[in-house]
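To start, the structure under review is shown below, and the notes come after it.
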Amino acid sequence: IAMMDDFYMITQEDLEDIKESISTQDLPTAVNTIKGFLEKQDHVELNVGVTGESGSGKSTFVNRFRGLGDEEEGSAQTGPVETTMEPKAYRHPKYKNVKVWDLPGIGTPNFKADEYLKLVEFERYDFFIIIASDRFRECHTQLAKEIMRMGKTFYFVRSKIDSSIDAEKQKKSFDQKRTLDIIREDCEKGLRKIGIEYPVVFLISNFELGKYDLNLLQERMEQELPQHKRRVLMLALPNITLEINEKKKKALEENIGKIALLSALVATVPIPGLSVAVDIAIVTKEIETYYSTFGLDDPSLQKLCESSGKTIEEFKSLMKSPLSGGINPASILSLAGAAFLVLAENTVEYVVSLVPLLGSLVAGGMSYMTVSTMLKRALNDIAEDARNVLIASVQTEV
């Protein structure tokens, strides 16, 4: 039964998607089209501008958003005094095409939003995060209105929520949800007073980014970004909530059909003695991406050990994927498992009839089905491992 489970994951949509990928009938062109598509994806840029008053926690947010602590290599300099005099870009440690910009502080006595946006070259940002660690003031709304006028998106983030919660915790009647609602309403009321009609404020703790409103914030960003940038955002966000874990899985799933097709097109060149030509290199590269995106690569796990006080062995013992012992031809082929035997000939014929380019029934059709199955299995297993590691790292359901 398990074998069939993996098999039926290849959906009608996957096949239609492939038909569209290749409208041309010549092999080299088809291979280049897909390679080009996959490469282009890797070059989509995302630029996030983070602004706020001095001391509001913007530099720490720039670090956390990229999954870094304040004292790690490549982190933005933090401190009570404004350290940012001009826009400074910080690249994501894993996705070099993602830059989070630490912008100069706002709120100086003669602050002018239009001049400020010119100074920071506002055209380059996909969206802005406007941070306040207490009340939002005139300078925040001035900036927001100017950003709106220029046709860009912004998000109000109220930082240092943990400090507010700690102060309230002393009271006998403490209720966390109620406290958060009061803070949110207070911020929104303040913003309405100074001219923002429908304000939405996200409550964030820089020290425990996964708590409070991070999921709401990432959902909103995802809805408002153009399609091709959404994927970049989901892959780059630190894997610190179960919702983000699930979204990463979906974003990675979208490429499986194209990668399988690429492998299959390469496989139609018959190789004597190989009935199923699986391009191990293509599959390996993709699986390594999965590990890195979910933060299960060794450097990421090492960092998680430091922050959670657990050992790397404890985390590794939670990983059930056959790949967790190492990505090598043997462990990769084990993913195909009985897939070879299950692939009914008529299904393979159907794939080949849809995509005549896949030519030889055995090599092309089988390779497409096999690689799809392998990658879907690998992604499911790795996402599940990441979920278990995430739950263990915070000791509670996130």
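Scheme for the structure tokens: letters A, B, ... for chains in order shown; per-chain residue numbers from 1; ligand numbers from 1 in order shown.
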
- prompt: If we count only C-alpha atoms, what is near stretch 60-70 of chain A at a cut-off of 6 Å, once residues fewer than 3 positions away on the same chain are taken out, given as a list of chain:residue names?
  reply: A:Gly57, A:Ser75, A:His92, A:Asn206, A:Pro238

- request: May I have the residues within 8 Å of A:Val200 as a VMD selection string, using only C-alpha atoms and disregarding those fewer than 3 positions away in the same chain?
  value: chain A and resid 155 to 156 188

message: Calculated over only C-alpha atoms, which of the candidates A:Ala264, A:Leu242, A:Val389, A:Leu225 has the smallest distance to A:Leu301?
response: A:Val389

- prompt: Any idea what's packed within 8 Å of A:Asn239, counting only C-alpha atoms, ignoring anything in its chain fewer than 4 positions away? Could you give it as a VMD selection string?
  reply: chain A and resid 244 to 245 293 to 295 390

message: According to DSSP computed on the backbone, where in stretch 97-323 of chain A is there helix (DSSP H, G or I)? Give the residues as number ranges by chain.
response: A: 113-119, 122-124, 138-149, 161-169, 176-193, 214-224, 227-236, 242-253, 256-267, 280-293, 298-308, 312-317

task: Identify, on the basis of only C-alpha atoms, every residue whose closest approach to stretch 210-220 of chain A does not exceed 8 Å; exclude the query and any residue fewer than 4 positions from it along the same chain; express the result as an MDAnalysis selection string.
output: chainID A and resid 202:205 224 240:241 243:244 398

Please save N, CA, C and O atoms of the selected residues as a CSV table (one decimal), in the first residue's frame.
```
chain,number,residue,atom,x,y,z
A,202,PHE,N,1.5,44.5,13.7
A,202,PHE,CA,1.9,43.1,14.0
A,202,PHE,C,2.8,43.2,15.3
A,202,PHE,O,3.8,44.0,15.3
A,203,LEU,N,2.5,42.4,16.2
A,203,LEU,CA,3.3,42.3,17.5
A,203,LEU,C,4.4,41.3,17.4
A,203,LEU,O,4.1,40.1,17.1
A,204,ILE,N,5.6,41.7,17.6
A,204,ILE,CA,6.8,40.8,17.3
A,204,ILE,C,7.8,40.9,18.5
A,204,ILE,O,8.0,42.0,19.0
A,205,SER,N,8.3,39.8,18.9
A,205,SER,CA,9.4,39.8,19.8
A,205,SER,C,10.7,39.4,19.0
A,205,SER,O,10.7,38.4,18.4
A,224,GLU,N,0.6,39.8,-0.5
A,224,GLU,CA,0.8,41.1,-1.1
A,224,GLU,C,2.0,41.1,-2.1
A,224,GLU,O,2.1,42.1,-2.8
A,240,ILE,N,10.8,28.7,11.8
A,240,ILE,CA,10.6,28.8,13.3
A,240,ILE,C,9.2,28.6,13.7
A,240,ILE,O,8.9,28.7,14.9
A,241,THR,N,8.3,28.4,12.7
A,241,THR,CA,6.9,28.1,13.1
A,241,THR,C,6.4,27.0,12.2
A,241,THR,O,6.9,26.8,11.1
A,243,GLU,N,3.6,26.8,10.7
A,243,GLU,CA,3.0,27.3,9.5
A,243,GLU,C,4.1,27.6,8.4
A,243,GLU,O,3.9,27.3,7.2
A,244,ILE,N,5.2,28.2,8.8
A,244,ILE,CA,6.3,28.4,7.8
A,244,ILE,C,6.8,27.1,7.3
A,244,ILE,O,7.1,27.0,6.1
A,398,VAL,N,4.5,24.5,18.4
A,398,VAL,CA,4.7,25.9,18.1
A,398,VAL,C,3.4,26.5,17.6
A,398,VAL,O,2.8,26.0,16.7
```

- prompt: What is the atom CA of A:Gln77-atom CA of A:Trp101 distance in Å, reported with one decimal?
  reply: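 So the answer is 12.2 Å.
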
task: Looking only at strand (DSSP E or B) from DSSP on the backbone, list the matching residues of stretch 126-279 of chain A as a list in words.
output: Phe127, Phe128, Ile129, Ile130, Ile131, Ala132, Thr153, Phe154, Tyr155, Phe156, Val157, Arg158, Val201, Phe202 and Leu203 of chain A

query: Between A:Ala113, A:Cys187, A:Ala76, A:Leu375, which is the closest to A:Gly257 once you count only C-alpha atoms?
result: A:Leu375

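Here atom CA of A:Ala392 and atom CA of A:Thr311 stand 11.3 Å from one another.
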
- request: Find the spatial neighbours of A:Val120, counting only C-alpha atoms, within a cut-off of 9 Å - ignore same-chain residues fewer than 2 positions away - and output them as a PyMOL selection string.
  value: chain A and resi 86-87+103-104+115-118+122-124

Filtering to N, CA and C atoms, could you give me those residues as a short mmCIF file (atom, residue, chain, number, x, y, z; two decimals), in the first residue's frame?
```cif
data_model
loop_
_atom_site.label_atom_id
_atom_site.label_comp_id
_atom_site.auth_asym_id
_atom_site.auth_seq_id
_atom_site.Cartn_x
_atom_site.Cartn_y
_atom_site.Cartn_z
N GLU A 86 23.40 55.46 6.91
CA GLU A 86 22.89 55.35 5.54
C GLU A 86 22.40 53.93 5.34
N PRO A 87 21.57 53.70 4.30
CA PRO A 87 21.00 52.36 4.12
C PRO A 87 22.12 51.33 3.98
N LEU A 103 17.78 50.61 7.58
CA LEU A 103 17.69 52.00 7.12
C LEU A 103 17.96 52.96 8.28
N PRO A 104 18.42 54.18 7.98
CA PRO A 104 18.69 55.14 9.06
C PRO A 104 17.45 55.39 9.90
N GLU A 115 11.92 63.45 1.83
CA GLU A 115 13.39 63.55 1.70
C GLU A 115 14.05 62.24 2.14
N TYR A 116 13.49 61.69 3.21
CA TYR A 116 14.05 60.43 3.75
C TYR A 116 13.96 59.32 2.69
N LEU A 117 12.80 59.21 2.05
CA LEU A 117 12.63 58.14 1.06
C LEU A 117 13.54 58.33 -0.15
N LYS A 118 13.79 59.59 -0.51
CA LYS A 118 14.75 59.86 -1.59
C LYS A 118 16.14 59.40 -1.16
N PHE A 122 14.02 54.76 -2.31
CA PHE A 122 12.89 53.90 -1.97
C PHE A 122 12.49 52.93 -3.08
N GLU A 123 12.85 53.21 -4.35
CA GLU A 123 12.40 52.34 -5.46
C GLU A 123 12.91 50.91 -5.30
N ARG A 124 14.04 50.76 -4.61
CA ARG A 124 14.67 49.43 -4.64
C ARG A 124 13.97 48.40 -3.74
#
```

query: atom CA of A:Ser393 and atom CA of A:Ser307, how far apart in Å?
result: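 About the pair atom CA of A:Ser307 and atom CA of A:Ser393: they are 8.6 Å apart.
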
task: Find the residue from A:Asn97, A:Ser59, A:Ser300, A:Thr153 that sits nearest to A:Phe128; use only C-alpha atoms when measuring.
output: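 The closest residue to A:Phe128 is A:Thr153.
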
Closest of A:Val201, A:Ile182, A:Leu143, A:Leu379 to A:Ser159 - atom-to-atom distances counting only C-alpha atoms: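 Comparing A:Val201, A:Ile182, A:Leu143, A:Leu379 against A:Ser159, the winner is A:Val201.
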
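Considering only C-alpha atoms, the residue among A:Met85, A:Ile161, A:Val232, A:Cys305 positioned nearest to A:Lys40 is A:Val232.
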